[in-house]
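Heads up, the thing below is written out as structure tokens.
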Amino acid sequence: MAGILVYSEQTGLAEELISYAVSTGKAVTAITFNEEDAGILASCGADVCVVKGASDMPEAYGKALAGFIKDKGIEQVLIGATARGRNLAASIAGYLDCAMASDVSYLQIVGPDLICQRMTYGGLLVSSETLSGISVVTVGPGMFEKQEKAAGTITSLQLDADNRVKLVAREPVVKQGVDLTAADKIVCVGMGMDKEEDLEMVRQLAQSIGAELGCTRGIAEERHWLPPEQYIGISGQVIKPQLYIGIGVSGQVQHVYGVREAKVIVAVNNDEKAPLFKSADYGIVGDMYEVVPLITEAIRNL
Ligand SMILES: Cc1cc2nc3c(=O)[nH]c(=O)nc-3n(C[C@H](O)[C@H](O)[C@H](O)COP(=O)(O)OP(=O)(O)OC[C@H]3O[C@@H](n4cnc5c(N)ncnc54)[C@H](O)[C@@H]3O)c2cc1C
């Protein structure tokens with residue numbers, strides 16, 4: 001059974017990946033650990049294997065799945081780019097000692113080759129790669145559209161779990177911050193701010209225009225002035241507001257990665273050479289302690 005293997009614990013993402021895999025004309029096998037998903041995945045045209053084993057953690061099956069892929073002559077492995085999927089993909093690729101690319105932004109399978117693109121150096125470069133032989137990639141949602149096809153088969157697949165991987169406890173992540181990804185306007189504070197008490201000045205501005213408060217990584221992770229959910233960038237939140245106002249934010253590439261899709265970008269910085277001005281639609285060169293109260297007052301007087 002040469003072909004493509006697909007896995008994601010997110011059903012919608014698995015459907016998208018199967019739909020693309022089926023469109024290549026290759027045989028497609030999807031694995032799931034959730035019996036209830038089997039019919040949904042099969043309806044996209046994959047032959048579905050419901051994994052049975054001693055563990056309910058997908059990452060415990062990296063070695064067993066590597067063996068399955070080798071036995072079945074599978075060429076490409078498409079895995080959803082979730083925390084769990086990335087773990088499993090790396091484990092499978094490690095056991096197979098094969099090519100792997102993480103979080104690809106473009107993917108095309110042409111014969112035995114997998115052509116992909118992914119961002120490197122914190123979003124500074126897009127690298128184009130062709131993976132040959134057995135290849136594993138992780139892919140995020142939204143790259144492909146789900147298509148219904150003639151339903152594939154559903155079978156059980158007994159696999160050995162690696163019992164060194166154990167689930168010790170489940171604890172929900174307690175989120176303290178707001179959901180910036182849904183915010184329409186965001187005022188973002190950077191390390192140019194001197195003291196935590198000064199956040200109140202920026203909060204006042206945010207309130208005056210009905211914006212949420214965001215920050216750069218250092219404000220959340222070094223100074224702990226705002227919760228980690230509130231920092232924006234490649235390792236934080238990627239936002240798409242109508243308006244982003246960066247105050248005392250230099251505009252390094254890792255931060256700007258998360259801001260690129262804001263409709264209007266405003267920068268307030270006392271250094272006219274701050275890189276954020278290059279991405280900004282409007283810029284004010286000045287000291288935030290003078291500029292921010294003036295803007296807030298002007299808006300209140302509108
Ligand atoms: C792998 C990796 C991932 C990263 N991911 C992220 C990420 O997701 N998000 C993120 O934000 N960062 C991230 N970073 C960090 C990033 O590289 C920058 O260091 C960070 O974004 C800089 O934050 P900043 O602009 O607040 O601080 P700084 O770069 O220190 O800039 C402060 C700015 O404030 C200005 N300023 C100072 N005083 C005033 C004043 N009184 N009035 C007006 N302006 C003033 C200064 O001119 C300066 O431009 C990452 C780094 C790495 C290596």
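All residue names refer to the structure tokens as shown: chains lettered A, B, ... in order, residues numbered from 1 in each chain, ligands numbered from 1 in order.
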Enumerate, in order of chain and increasing residue number, the residues of chain A with an atom no farther than 7 Å from ligand 1, each with its shortest atom pair and distance in Å to one decimal, counting only C-alpha atoms and all ligand atoms, as a Markdown table.
```
| residue | atom | partner | partner_atom_place_in_ligand_line | distance |
| --- | --- | --- | --- | --- |
| A:Gly122 | CA | ligand 1 | 1 (C) | 5.9 |
| A:Val189 | CA | ligand 1 | 26 (O) | 6.8 |
| A:Gly190 | CA | ligand 1 | 26 (O) | 3.2 |
| A:Met191 | CA | ligand 1 | 26 (O) | 3.7 |
| A:Gly192 | CA | ligand 1 | 34 (O) | 3.3 |
| A:Met193 | CA | ligand 1 | 38 (N) | 6.0 |
| A:Cys215 | CA | ligand 1 | 11 (O) | 6.8 |
| A:Thr216 | CA | ligand 1 | 11 (O) | 3.4 |
| A:Arg217 | CA | ligand 1 | 11 (O) | 4.0 |
| A:Gly218 | CA | ligand 1 | 23 (O) | 5.8 |
| A:Ile219 | CA | ligand 1 | 26 (O) | 6.7 |
| A:Tyr231 | CA | ligand 1 | 9 (N) | 6.1 |
| A:Ile232 | CA | ligand 1 | 9 (N) | 5.0 |
| A:Gly233 | CA | ligand 1 | 8 (O) | 3.2 |
| A:Ile234 | CA | ligand 1 | 8 (O) | 4.0 |
| A:Ser235 | CA | ligand 1 | 8 (O) | 3.7 |
| A:Gly236 | CA | ligand 1 | 8 (O) | 4.3 |
| A:Ile247 | CA | ligand 1 | 43 (C) | 6.2 |
| A:Gly248 | CA | ligand 1 | 34 (O) | 3.4 |
| A:Val249 | CA | ligand 1 | 25 (O) | 3.5 |
| A:Ser250 | CA | ligand 1 | 49 (O) | 3.3 |
| A:Gly251 | CA | ligand 1 | 25 (O) | 5.4 |
| A:Gln252 | CA | ligand 1 | 21 (O) | 5.1 |
| A:Val253 | CA | ligand 1 | 17 (O) | 6.6 |
| A:Gln254 | CA | ligand 1 | 6 (C) | 4.6 |
| A:His255 | CA | ligand 1 | 10 (C) | 4.0 |
| A:Val268 | CA | ligand 1 | 43 (C) | 5.8 |
| A:Asn269 | CA | ligand 1 | 44 (N) | 3.5 |
| A:Asn270 | CA | ligand 1 | 43 (C) | 4.3 |
| A:Asp271 | CA | ligand 1 | 47 (O) | 4.5 |
| A:Ala274 | CA | ligand 1 | 49 (O) | 5.0 |
| A:Gly286 | CA | ligand 1 | 43 (C) | 5.9 |
| A:Asp287 | CA | ligand 1 | 42 (N) | 3.7 |
| A:Met288 | CA | ligand 1 | 42 (N) | 3.8 |
| A:Tyr289 | CA | ligand 1 | 41 (N) | 6.0 |
```
Taking 6 positions as the minimum chain separation for residues in the same chain, which residues sit within 12 Å of Val178 (chain A) when counting only C-alpha atoms? Answer as a compact mmCIF listing (two decimals) with all heavy atoms, in the first residue's frame.
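Written output follows (selection19.txt):
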```txt
# COMPACT_ATOMS: atom_id res chain seq x y z
N ILE A 186 -6.25 47.00 19.07
CA ILE A 186 -5.29 46.58 20.09
C ILE A 186 -4.26 47.69 20.31
O ILE A 186 -3.68 48.22 19.36
CB ILE A 186 -4.57 45.28 19.68
CG1 ILE A 186 -5.57 44.11 19.67
CG2 ILE A 186 -3.40 44.97 20.61
CD1 ILE A 186 -5.04 42.81 19.14
N ALA A 211 -10.25 49.49 22.89
CA ALA A 211 -9.26 48.50 22.44
C ALA A 211 -8.86 47.56 23.57
O ALA A 211 -9.02 47.88 24.75
CB ALA A 211 -8.02 49.22 21.91
N GLU A 212 -8.33 46.41 23.21
CA GLU A 212 -7.72 45.50 24.19
C GLU A 212 -6.25 45.87 24.33
O GLU A 212 -5.67 46.47 23.43
CB GLU A 212 -7.84 44.04 23.72
CG GLU A 212 -9.26 43.55 23.51
CD GLU A 212 -10.05 43.44 24.80
OE1 GLU A 212 -9.48 43.65 25.89
OE2 GLU A 212 -11.26 43.15 24.72
N LEU A 213 -5.67 45.44 25.46
CA LEU A 213 -4.27 45.73 25.71
C LEU A 213 -3.42 44.50 25.38
O LEU A 213 -3.69 43.40 25.86
CB LEU A 213 -4.10 46.11 27.19
CG LEU A 213 -2.79 46.76 27.60
CD1 LEU A 213 -2.55 48.04 26.82
CD2 LEU A 213 -2.79 47.04 29.09
N GLY A 214 -2.41 44.71 24.52
CA GLY A 214 -1.45 43.64 24.21
C GLY A 214 -0.05 44.12 24.57
O GLY A 214 0.13 45.24 25.06
N CYS A 215 0.95 43.27 24.35
CA CYS A 215 2.32 43.67 24.69
C CYS A 215 3.32 42.87 23.88
O CYS A 215 2.96 41.96 23.14
CB CYS A 215 2.56 43.45 26.18
SG CYS A 215 2.42 41.74 26.72
N LEU A 226 2.09 41.68 32.22
CA LEU A 226 0.81 41.23 31.62
C LEU A 226 0.91 39.71 31.42
O LEU A 226 2.02 39.17 31.33
CB LEU A 226 0.56 41.93 30.28
CG LEU A 226 0.20 43.42 30.35
CD1 LEU A 226 0.20 44.06 28.96
CD2 LEU A 226 -1.15 43.64 31.03
N PRO A 227 -0.25 39.01 31.34
CA PRO A 227 -0.20 37.55 31.19
C PRO A 227 0.38 37.13 29.84
O PRO A 227 0.28 37.88 28.86
CB PRO A 227 -1.67 37.13 31.29
CG PRO A 227 -2.46 38.32 31.56
CD PRO A 227 -1.61 39.54 31.42
N PRO A 228 0.95 35.93 29.79
CA PRO A 228 1.58 35.46 28.54
C PRO A 228 0.62 35.44 27.36
O PRO A 228 1.05 35.60 26.22
CB PRO A 228 2.04 34.03 28.87
CG PRO A 228 1.86 33.84 30.32
CD PRO A 228 1.08 34.97 30.89
N GLU A 229 -0.70 35.26 27.63
CA GLU A 229 -1.67 35.25 26.52
C GLU A 229 -1.75 36.60 25.82
O GLU A 229 -2.36 36.72 24.77
CB GLU A 229 -3.09 34.91 27.02
CG GLU A 229 -3.27 33.52 27.50
CD GLU A 229 -2.87 33.34 28.95
OE1 GLU A 229 -2.69 34.34 29.67
OE2 GLU A 229 -2.72 32.20 29.37
N GLN A 230 -1.15 37.61 26.45
CA GLN A 230 -1.31 38.95 25.89
C GLN A 230 -0.12 39.42 25.06
O GLN A 230 -0.10 40.56 24.61
CB GLN A 230 -1.65 39.94 27.00
CG GLN A 230 -3.13 40.28 26.95
CD GLN A 230 -3.66 40.82 28.24
OE1 GLN A 230 -3.81 40.05 29.20
NE2 GLN A 230 -3.93 42.09 28.29
N TYR A 231 0.89 38.55 24.87
CA TYR A 231 1.96 39.06 24.02
C TYR A 231 1.77 38.58 22.58
O TYR A 231 1.26 37.52 22.31
CB TYR A 231 3.34 38.80 24.61
CG TYR A 231 4.01 37.48 24.36
CD1 TYR A 231 4.70 37.24 23.17
CD2 TYR A 231 4.02 36.51 25.34
CE1 TYR A 231 5.36 36.04 22.97
CE2 TYR A 231 4.67 35.30 25.14
CZ TYR A 231 5.34 35.07 23.95
OH TYR A 231 5.98 33.89 23.75
N GLN A 237 0.67 35.65 20.24
CA GLN A 237 -0.59 35.69 19.47
C GLN A 237 -0.37 36.33 18.10
O GLN A 237 0.37 37.30 17.98
CB GLN A 237 -1.63 36.55 20.21
CG GLN A 237 -1.92 36.11 21.63
CD GLN A 237 -2.60 34.77 21.68
OE1 GLN A 237 -3.37 34.41 20.79
NE2 GLN A 237 -2.30 34.00 22.72
```
Contact residues around region 84-101 of chain A with only C-alpha atoms at 12 Å, ignoring same-chain residues under 5 positions, as a ChimeraX atom specification
/A:5-10,13-14,32,57-71,74-79,106-107,113-120,127-140,162,165
Compare A:Val266, A:Ile4, A:Ser208, A:Asp281 by their minimum atom-to-atom distance to Ile299 (chain A), counting only C-alpha atoms, and give me the closest one.
A:Ser208
Region 65-239 of chain A: residues DSSP assigns to strand (DSSP E or B), reported as a PyMOL selection string:
chain A and resi 74-80+99-104+106-110+113-120+125-131+135-139+154-158+185-189+212-215+231-232+237
Once you have the residues from the selection above, write them out as a PDB file, in the first residue's frame, restricted to C-alpha atoms.
```pdb
ATOM      1  CA  ILE A  74       3.851   4.648   2.868  1.00  0.00           C
ATOM      2  CA  GLU A  75       5.778   7.521   1.264  1.00  0.00           C
ATOM      3  CA  GLN A  76       4.365  10.695   2.765  1.00  0.00           C
ATOM      4  CA  VAL A  77       3.016  11.373   6.243  1.00  0.00           C
ATOM      5  CA  LEU A  78       0.838  14.486   6.774  1.00  0.00           C
ATOM      6  CA  ILE A  79       0.214  15.396  10.401  1.00  0.00           C
ATOM      7  CA  GLY A  80      -1.818  18.302  11.792  1.00  0.00           C
ATOM      8  CA  ALA A  99      13.062  13.833   6.048  1.00  0.00           C
ATOM      9  CA  MET A 100      10.751  16.093   8.034  1.00  0.00           C
ATOM     10  CA  ALA A 101       9.502  19.685   7.721  1.00  0.00           C
ATOM     11  CA  SER A 102       7.462  21.407  10.435  1.00  0.00           C
ATOM     12  CA  ASP A 103       4.518  23.756   9.991  1.00  0.00           C
ATOM     13  CA  VAL A 104       4.711  24.101   6.234  1.00  0.00           C
ATOM     14  CA  TYR A 106       2.809  25.407   1.184  1.00  0.00           C
ATOM     15  CA  LEU A 107       2.622  21.744   0.264  1.00  0.00           C
ATOM     16  CA  GLN A 108       2.470  19.797  -2.977  1.00  0.00           C
ATOM     17  CA  ILE A 109       3.085  16.103  -3.511  1.00  0.00           C
ATOM     18  CA  VAL A 110       4.497  15.342  -6.950  1.00  0.00           C
ATOM     19  CA  ASP A 113       8.596  14.064  -3.883  1.00  0.00           C
ATOM     20  CA  LEU A 114       7.031  16.338  -1.334  1.00  0.00           C
ATOM     21  CA  ILE A 115       7.566  20.003  -2.156  1.00  0.00           C
ATOM     22  CA  CYS A 116       6.982  22.429   0.681  1.00  0.00           C
ATOM     23  CA  GLN A 117       7.707  25.893   2.011  1.00  0.00           C
ATOM     24  CA  ARG A 118       8.148  26.991   5.588  1.00  0.00           C
ATOM     25  CA  MET A 119       9.267  30.061   7.467  1.00  0.00           C
ATOM     26  CA  THR A 120      12.700  30.082   9.040  1.00  0.00           C
ATOM     27  CA  LEU A 125      12.919  33.871   5.330  1.00  0.00           C
ATOM     28  CA  VAL A 126      10.683  31.441   3.490  1.00  0.00           C
ATOM     29  CA  SER A 127      12.613  28.291   2.670  1.00  0.00           C
ATOM     30  CA  SER A 128      11.484  26.036  -0.214  1.00  0.00           C
ATOM     31  CA  GLU A 129      12.320  22.376   0.236  1.00  0.00           C
ATOM     32  CA  THR A 130      11.853  19.139  -1.681  1.00  0.00           C
ATOM     33  CA  LEU A 131      11.703  16.054   0.526  1.00  0.00           C
ATOM     34  CA  SER A 135       8.734  12.341   4.345  1.00  0.00           C
ATOM     35  CA  VAL A 136       6.877  13.658   7.369  1.00  0.00           C
ATOM     36  CA  VAL A 137       5.347  17.150   7.471  1.00  0.00           C
ATOM     37  CA  THR A 138       3.158  19.012   9.915  1.00  0.00           C
ATOM     38  CA  VAL A 139       0.476  21.231   8.382  1.00  0.00           C
ATOM     39  CA  ILE A 154     -12.749   1.384   8.495  1.00  0.00           C
ATOM     40  CA  THR A 155     -10.618  -1.190  10.309  1.00  0.00           C
ATOM     41  CA  SER A 156      -8.987  -1.575  13.728  1.00  0.00           C
ATOM     42  CA  LEU A 157      -5.228  -1.355  14.056  1.00  0.00           C
ATOM     43  CA  GLN A 158      -3.603  -2.931  17.110  1.00  0.00           C
ATOM     44  CA  LYS A 185      -8.478  47.223  18.132  1.00  0.00           C
ATOM     45  CA  ILE A 186      -5.289  46.580  20.092  1.00  0.00           C
ATOM     46  CA  VAL A 187      -2.976  48.945  21.946  1.00  0.00           C
ATOM     47  CA  CYS A 188       0.353  47.179  22.400  1.00  0.00           C
ATOM     48  CA  VAL A 189       2.924  48.228  24.977  1.00  0.00           C
ATOM     49  CA  GLU A 212      -7.725  45.499  24.188  1.00  0.00           C
ATOM     50  CA  LEU A 213      -4.265  45.728  25.709  1.00  0.00           C
ATOM     51  CA  GLY A 214      -1.451  43.644  24.210  1.00  0.00           C
ATOM     52  CA  CYS A 215       2.318  43.666  24.692  1.00  0.00           C
ATOM     53  CA  TYR A 231       1.961  39.056  24.015  1.00  0.00           C
ATOM     54  CA  ILE A 232       1.940  39.312  20.270  1.00  0.00           C
ATOM     55  CA  GLN A 237      -0.590  35.695  19.472  1.00  0.00           C
TER      56      GLN A 237
END
```
Extract, using only C-alpha atoms, all DNA, RNA and protein residues at most 8 Å from Asp184 (chain A), discarding same-chain residues fewer than 5 positions from it, and format them as a PyMOL selection string.
chain A and resi 211+240-243
